[in-house]
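Structure data follow from entry.cif (mmCIF, C-alpha atoms):
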```
data_coords
loop_
_atom_site.label_atom_id
_atom_site.label_comp_id
_atom_site.auth_asym_id
_atom_site.auth_seq_id
_atom_site.Cartn_x
_atom_site.Cartn_y
_atom_site.Cartn_z
CA MET H 1 160.16 96.36 121.34
CA SER H 2 159.75 98.78 124.24
CA ALA H 3 162.89 100.73 125.01
CA ASN H 4 164.04 99.11 128.30
CA ARG H 5 160.78 99.81 130.15
CA VAL H 6 158.12 97.26 130.90
CA HIS H 7 154.65 98.37 129.88
CA PRO H 8 152.33 98.44 132.91
CA ALA H 9 149.88 96.20 130.99
CA SER H 10 152.61 93.53 130.97
CA LEU H 11 153.11 93.48 134.74
CA ASP H 12 151.92 90.43 136.63
CA VAL H 13 149.17 90.87 139.21
CA THR H 14 151.60 91.01 142.16
CA GLN H 15 153.65 93.81 140.58
CA LEU H 16 150.53 95.65 139.46
CA ALA H 17 148.92 95.33 142.91
CA SER H 18 151.87 97.17 144.48
CA GLN H 19 151.08 100.15 142.22
CA CYS H 20 147.31 100.11 142.75
CA GLU H 21 144.81 101.42 145.23
CA THR H 22 142.11 98.80 145.84
CA LYS H 23 138.63 99.65 147.06
CA ARG H 24 135.98 97.11 147.99
CA THR H 25 132.35 98.15 147.89
CA ARG H 26 128.80 96.90 147.33
CA ARG H 27 126.65 97.19 144.23
CA SER H 28 123.03 96.22 143.78
CA GLY H 29 121.91 93.88 141.04
CA PRO H 30 121.65 90.16 140.34
CA GLY H 31 122.99 87.99 143.13
CA GLY H 32 120.34 88.79 145.66
CA GLN H 33 120.91 89.39 149.32
CA ASN H 34 124.54 88.20 149.29
CA ARG H 35 125.51 90.79 146.71
CA ASN H 36 123.67 93.57 148.53
CA LYS H 37 125.25 92.74 151.92
CA VAL H 38 128.81 91.71 150.99
CA GLU H 39 131.43 94.01 149.48
CA THR H 40 132.09 92.00 146.33
CA THR H 41 132.71 94.93 143.97
CA ILE H 42 136.39 95.67 143.35
CA VAL H 43 137.54 99.11 142.16
CA LEU H 44 141.22 99.50 141.19
CA LEU H 45 143.17 102.69 140.57
CA HIS H 46 146.67 102.52 139.07
CA ARG H 47 148.40 105.31 141.03
CA PRO H 48 151.20 106.14 138.54
CA THR H 49 148.76 106.73 135.65
CA GLY H 50 145.40 107.44 137.29
CA ILE H 51 143.79 104.72 135.13
CA GLY H 52 141.14 102.59 136.79
CA ALA H 53 138.96 99.51 136.36
CA GLU H 54 136.27 97.72 138.30
CA ALA H 55 134.37 94.46 138.40
CA SER H 56 131.14 93.63 140.17
CA GLU H 57 129.39 90.99 138.08
CA ARG H 58 130.58 87.94 140.06
CA ARG H 59 129.39 86.81 143.48
CA THR H 60 132.84 86.59 145.07
CA GLN H 61 135.54 89.16 145.73
CA GLY H 62 138.23 86.87 144.35
CA GLU H 63 136.56 86.45 140.97
CA ASN H 64 135.86 90.18 140.76
CA LEU H 65 139.45 90.97 141.74
CA ARG H 66 140.79 88.82 138.87
CA ALA H 67 138.36 90.44 136.41
CA ALA H 68 139.22 93.96 137.63
CA TYR H 69 142.98 93.37 137.23
CA PHE H 70 142.47 92.03 133.72
CA ARG H 71 140.33 95.05 132.80
CA LEU H 72 142.93 97.36 134.31
CA ARG H 73 145.66 95.76 132.21
CA VAL H 74 143.54 96.24 129.06
CA ASN H 75 142.84 99.88 130.00
CA LEU H 76 146.57 100.45 130.57
CA ALA H 77 147.32 98.87 127.18
CA LEU H 78 144.88 101.28 125.55
CA GLU H 79 145.94 104.45 127.33
CA VAL H 80 149.69 104.21 128.06
CA ARG H 81 152.18 104.54 125.19
CA LEU H 82 155.85 103.71 125.57
CA PRO H 83 158.49 104.65 123.01
CA VAL H 84 159.75 101.75 120.90
CA ASP H 85 162.83 101.27 118.78
CA PRO H 86 161.55 100.89 115.20
CA ASP H 87 164.50 98.61 114.34
CA ALA H 88 164.04 96.23 117.28
CA SER H 89 162.47 92.81 116.93
CA PRO H 90 159.08 92.13 118.49
CA SER H 91 159.12 90.84 122.07
CA PRO H 92 159.46 87.09 122.68
CA LEU H 93 155.82 87.09 123.85
CA TRP H 94 154.68 88.71 120.59
CA GLN H 95 156.76 86.25 118.56
CA SER H 96 155.23 83.31 120.44
CA ARG H 97 151.75 84.63 119.61
CA CYS H 98 152.43 85.41 115.94
CA ARG H 99 153.32 82.44 113.79
CA ALA H 100 153.48 82.51 110.00
CA GLY H 101 152.06 86.03 110.02
CA ARG H 102 148.98 85.10 112.05
CA ILE H 103 148.22 86.56 115.48
CA ALA H 104 146.85 83.94 117.87
CA VAL H 105 145.62 85.29 121.19
CA SER H 106 142.14 85.17 122.69
CA LEU H 107 140.50 88.29 124.09
CA GLU H 108 140.23 86.55 127.47
CA HIS H 109 143.81 85.24 127.61
CA GLU H 110 146.21 86.78 130.14
CA ASP H 111 148.64 87.64 127.30
CA PHE H 112 146.05 89.79 125.48
CA PRO H 113 146.77 93.11 127.30
CA SER H 114 150.54 92.77 126.73
CA ILE H 115 150.09 91.97 123.04
CA LEU H 116 147.64 94.86 122.67
CA ALA H 117 150.04 97.29 124.38
CA GLU H 118 152.94 96.28 122.13
CA THR H 119 150.72 96.53 119.04
CA LEU H 120 149.58 100.05 119.93
CA ASP H 121 153.12 101.16 120.86
CA VAL H 122 154.43 99.99 117.47
CA LEU H 123 151.51 101.61 115.64
CA ALA H 124 152.22 104.89 117.46
CA ALA H 125 155.92 104.66 116.54
CA GLN H 126 154.94 104.04 112.90
CA LYS H 127 152.49 106.99 112.96
CA MET H 128 149.50 104.63 112.73
CA ASP H 129 150.69 103.15 109.42
CA VAL H 130 149.30 99.62 109.63
CA LYS H 131 151.51 98.29 106.84
CA LEU H 132 154.74 99.50 108.50
CA ALA H 133 153.59 98.32 111.93
CA ALA H 134 152.67 94.89 110.55
CA GLU H 135 156.12 94.59 108.94
CA ALA H 136 157.79 95.55 112.23
CA LEU H 137 155.69 92.99 114.12
CA GLY H 138 156.05 90.21 111.55
CA CYS H 139 152.39 89.83 110.66
CA THR H 140 150.13 90.90 107.81
CA PRO H 141 148.24 94.22 107.79
CA SER H 142 144.94 92.32 107.63
CA GLN H 143 145.90 90.26 110.71
CA LEU H 144 146.84 93.44 112.56
CA THR H 145 143.53 95.07 111.65
CA ARG H 146 141.61 91.94 112.65
CA PHE H 147 143.43 91.91 116.00
CA LEU H 148 142.53 95.58 116.61
CA LYS H 149 138.89 94.81 115.83
CA SER H 150 138.86 92.23 118.64
CA GLU H 151 139.01 95.16 121.12
CA PRO H 152 136.66 97.84 119.72
CA ARG H 153 138.22 100.58 121.87
CA ALA H 154 141.62 99.84 120.29
CA LEU H 155 140.20 100.17 116.78
CA GLU H 156 138.43 103.38 117.80
CA LEU H 157 141.68 104.77 119.25
CA VAL H 158 143.72 103.92 116.15
CA ASN H 159 141.05 105.36 113.86
CA ALA H 160 140.94 108.60 115.88
CA HIS H 161 144.71 109.01 115.39
CA ARG H 162 144.46 108.03 111.72
CA ARG H 163 141.69 110.61 111.19
CA LEU H 164 143.92 113.34 112.68
CA ALA H 165 146.78 112.24 110.41
CA GLY H 166 144.54 112.36 107.34
CA LEU H 167 144.71 108.58 106.78
CA HIS H 168 141.73 106.43 105.79
CA LEU H 169 139.95 104.69 108.65
CA LEU H 170 140.34 100.98 109.29
CA ARG H 171 137.19 98.92 108.87
#
```

Starting from the coordinates I provided, produce the structure as structure tokens.
Amino acid sequence: MSANRVHPASLDVTQLASQCETKRTRRSGPGGQNRNKVETTIVLLHRPTGIGAEASERRTQGENLRAAYFRLRVNLALEVRLPVDPDASPSPLWQSRCRAGRIAVSLEHEDFPSILAETLDVLAAQKMDVKLAAEALGCTPSQLTRFLKSEPRALELVNAHRRLAGLHLLR
């Protein structure tokens, strides 16, 4: 549904890495001496937007790098809005994840940030009207609300905009 631009949350790791500054550092905590001596913490900064993410809970840089990129994609989905054509069909990815009006994507799945970004872009285009956004996306309003609840920051963001627009809050 995005107007000819790819949302940064939908970029693969290679494309995203070319737009990011990566910093490796140490953090104290569980993991003992290895964690205190080895730079396993990954801090990412998406240069075009200034949005960042980090991961330090794993014992290896590789695992933390994967976690940090996923978190960055979710943060980008939450904070970057792209204009959408209200008359356009949902993306093929969205359609593959929404069958018979039900949204099927796990919070941990690599498609989650892309689906979240498209959802929030459509909601913004529909002025946070869940019913209109659900119609545009081919799902039910209750499914859309349930999906937003899966990422509490998304629900909080939508409710903040709904409050400003004088609409009732989603629960």

Write out as a compact mmCIF listing (two decimals) with C-alpha atoms, in the frame of the given file each polymer residue whose atoms come within 12 Å of range 14-29 of chain H, counting all atoms listed in the file; drop sequence neighbours fewer than 3 positions from it.
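Dumped everything to part_30.txt:
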```
# COMPACT_ATOMS: atom_id res chain seq x y z
CA VAL H 6 158.12 97.26 130.90
CA HIS H 7 154.65 98.37 129.88
CA PRO H 8 152.33 98.44 132.91
CA ALA H 9 149.88 96.20 130.99
CA SER H 10 152.61 93.53 130.97
CA LEU H 11 153.11 93.48 134.74
CA GLY H 32 120.34 88.79 145.66
CA GLN H 33 120.91 89.39 149.32
CA ASN H 34 124.54 88.20 149.29
CA ARG H 35 125.51 90.79 146.71
CA ASN H 36 123.67 93.57 148.53
CA LYS H 37 125.25 92.74 151.92
CA VAL H 38 128.81 91.71 150.99
CA GLU H 39 131.43 94.01 149.48
CA THR H 40 132.09 92.00 146.33
CA THR H 41 132.71 94.93 143.97
CA ILE H 42 136.39 95.67 143.35
CA VAL H 43 137.54 99.11 142.16
CA LEU H 44 141.22 99.50 141.19
CA LEU H 45 143.17 102.69 140.57
CA HIS H 46 146.67 102.52 139.07
CA ARG H 47 148.40 105.31 141.03
CA PRO H 48 151.20 106.14 138.54
CA THR H 49 148.76 106.73 135.65
CA GLY H 50 145.40 107.44 137.29
CA ILE H 51 143.79 104.72 135.13
CA GLY H 52 141.14 102.59 136.79
CA ALA H 53 138.96 99.51 136.36
CA GLU H 54 136.27 97.72 138.30
CA ALA H 55 134.37 94.46 138.40
CA SER H 56 131.14 93.63 140.17
CA GLU H 57 129.39 90.99 138.08
CA ARG H 58 130.58 87.94 140.06
CA ARG H 59 129.39 86.81 143.48
CA THR H 60 132.84 86.59 145.07
CA GLN H 61 135.54 89.16 145.73
CA GLY H 62 138.23 86.87 144.35
CA ASN H 64 135.86 90.18 140.76
CA LEU H 65 139.45 90.97 141.74
CA ARG H 66 140.79 88.82 138.87
CA ALA H 68 139.22 93.96 137.63
CA TYR H 69 142.98 93.37 137.23
CA PHE H 70 142.47 92.03 133.72
CA LEU H 72 142.93 97.36 134.31
CA ARG H 73 145.66 95.76 132.21
CA LEU H 76 146.57 100.45 130.57
```

The PyMOL selection byres ((chain H and resi 87) around 12) on the file shown: which residues, as number ranges by chain? H: 1-3, 84-86, 88-90, 122, 125-126, 132-133, 135-137

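Computed from the coordinates, the CA of His168 in chain H to CA of Ser106 in chain H distance equals 27.2 Å.
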
Selection dump of the PyMOL selection byres ((chain H and resi 108) around 12), as a CSV table (one decimal) with C-alpha atoms, in the coordinates of the input:
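As a result, selection.csv now contains:
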```csv
chain,number,residue,atom,x,y,z
H,66,ARG,CA,140.8,88.8,138.9
H,67,ALA,CA,138.4,90.4,136.4
H,70,PHE,CA,142.5,92.0,133.7
H,71,ARG,CA,140.3,95.0,132.8
H,73,ARG,CA,145.7,95.8,132.2
H,74,VAL,CA,143.5,96.2,129.1
H,104,ALA,CA,146.8,83.9,117.9
H,105,VAL,CA,145.6,85.3,121.2
H,106,SER,CA,142.1,85.2,122.7
H,107,LEU,CA,140.5,88.3,124.1
H,109,HIS,CA,143.8,85.2,127.6
H,110,GLU,CA,146.2,86.8,130.1
H,111,ASP,CA,148.6,87.6,127.3
H,112,PHE,CA,146.0,89.8,125.5
H,113,PRO,CA,146.8,93.1,127.3
H,150,SER,CA,138.9,92.2,118.6
H,151,GLU,CA,139.0,95.2,121.1
```

Could you tell me, as an MDAnalysis selection string, exactly which residues end up selected when the PyMOL selection byres ((chain H and resi 154) around 10) is applied to this structure? chainID H and resid 74:75 77:79 116:117 119:120 147:153 155:160

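A straight line drawn from CA of Lys131 in chain H to CA of Arg81 in chain H is 19.4 Å long.
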
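Residue nearest Ala100 in chain H within the list H:Ala134, H:Val80, H:Leu167, H:Cys139: H:Cys139 [criterion: smallest interatomic distance, all atoms listed in the file].
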
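Across the model, the gap from CA of Gln143 in chain H to CA of Ile103 in chain H is 6.5 Å.
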
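Checking H:Met128, H:Glu63, H:Thr140, H:Gln95 one by one against His161 in chain H, counting all atoms listed in the file, you find the shortest gap at H:Met128.
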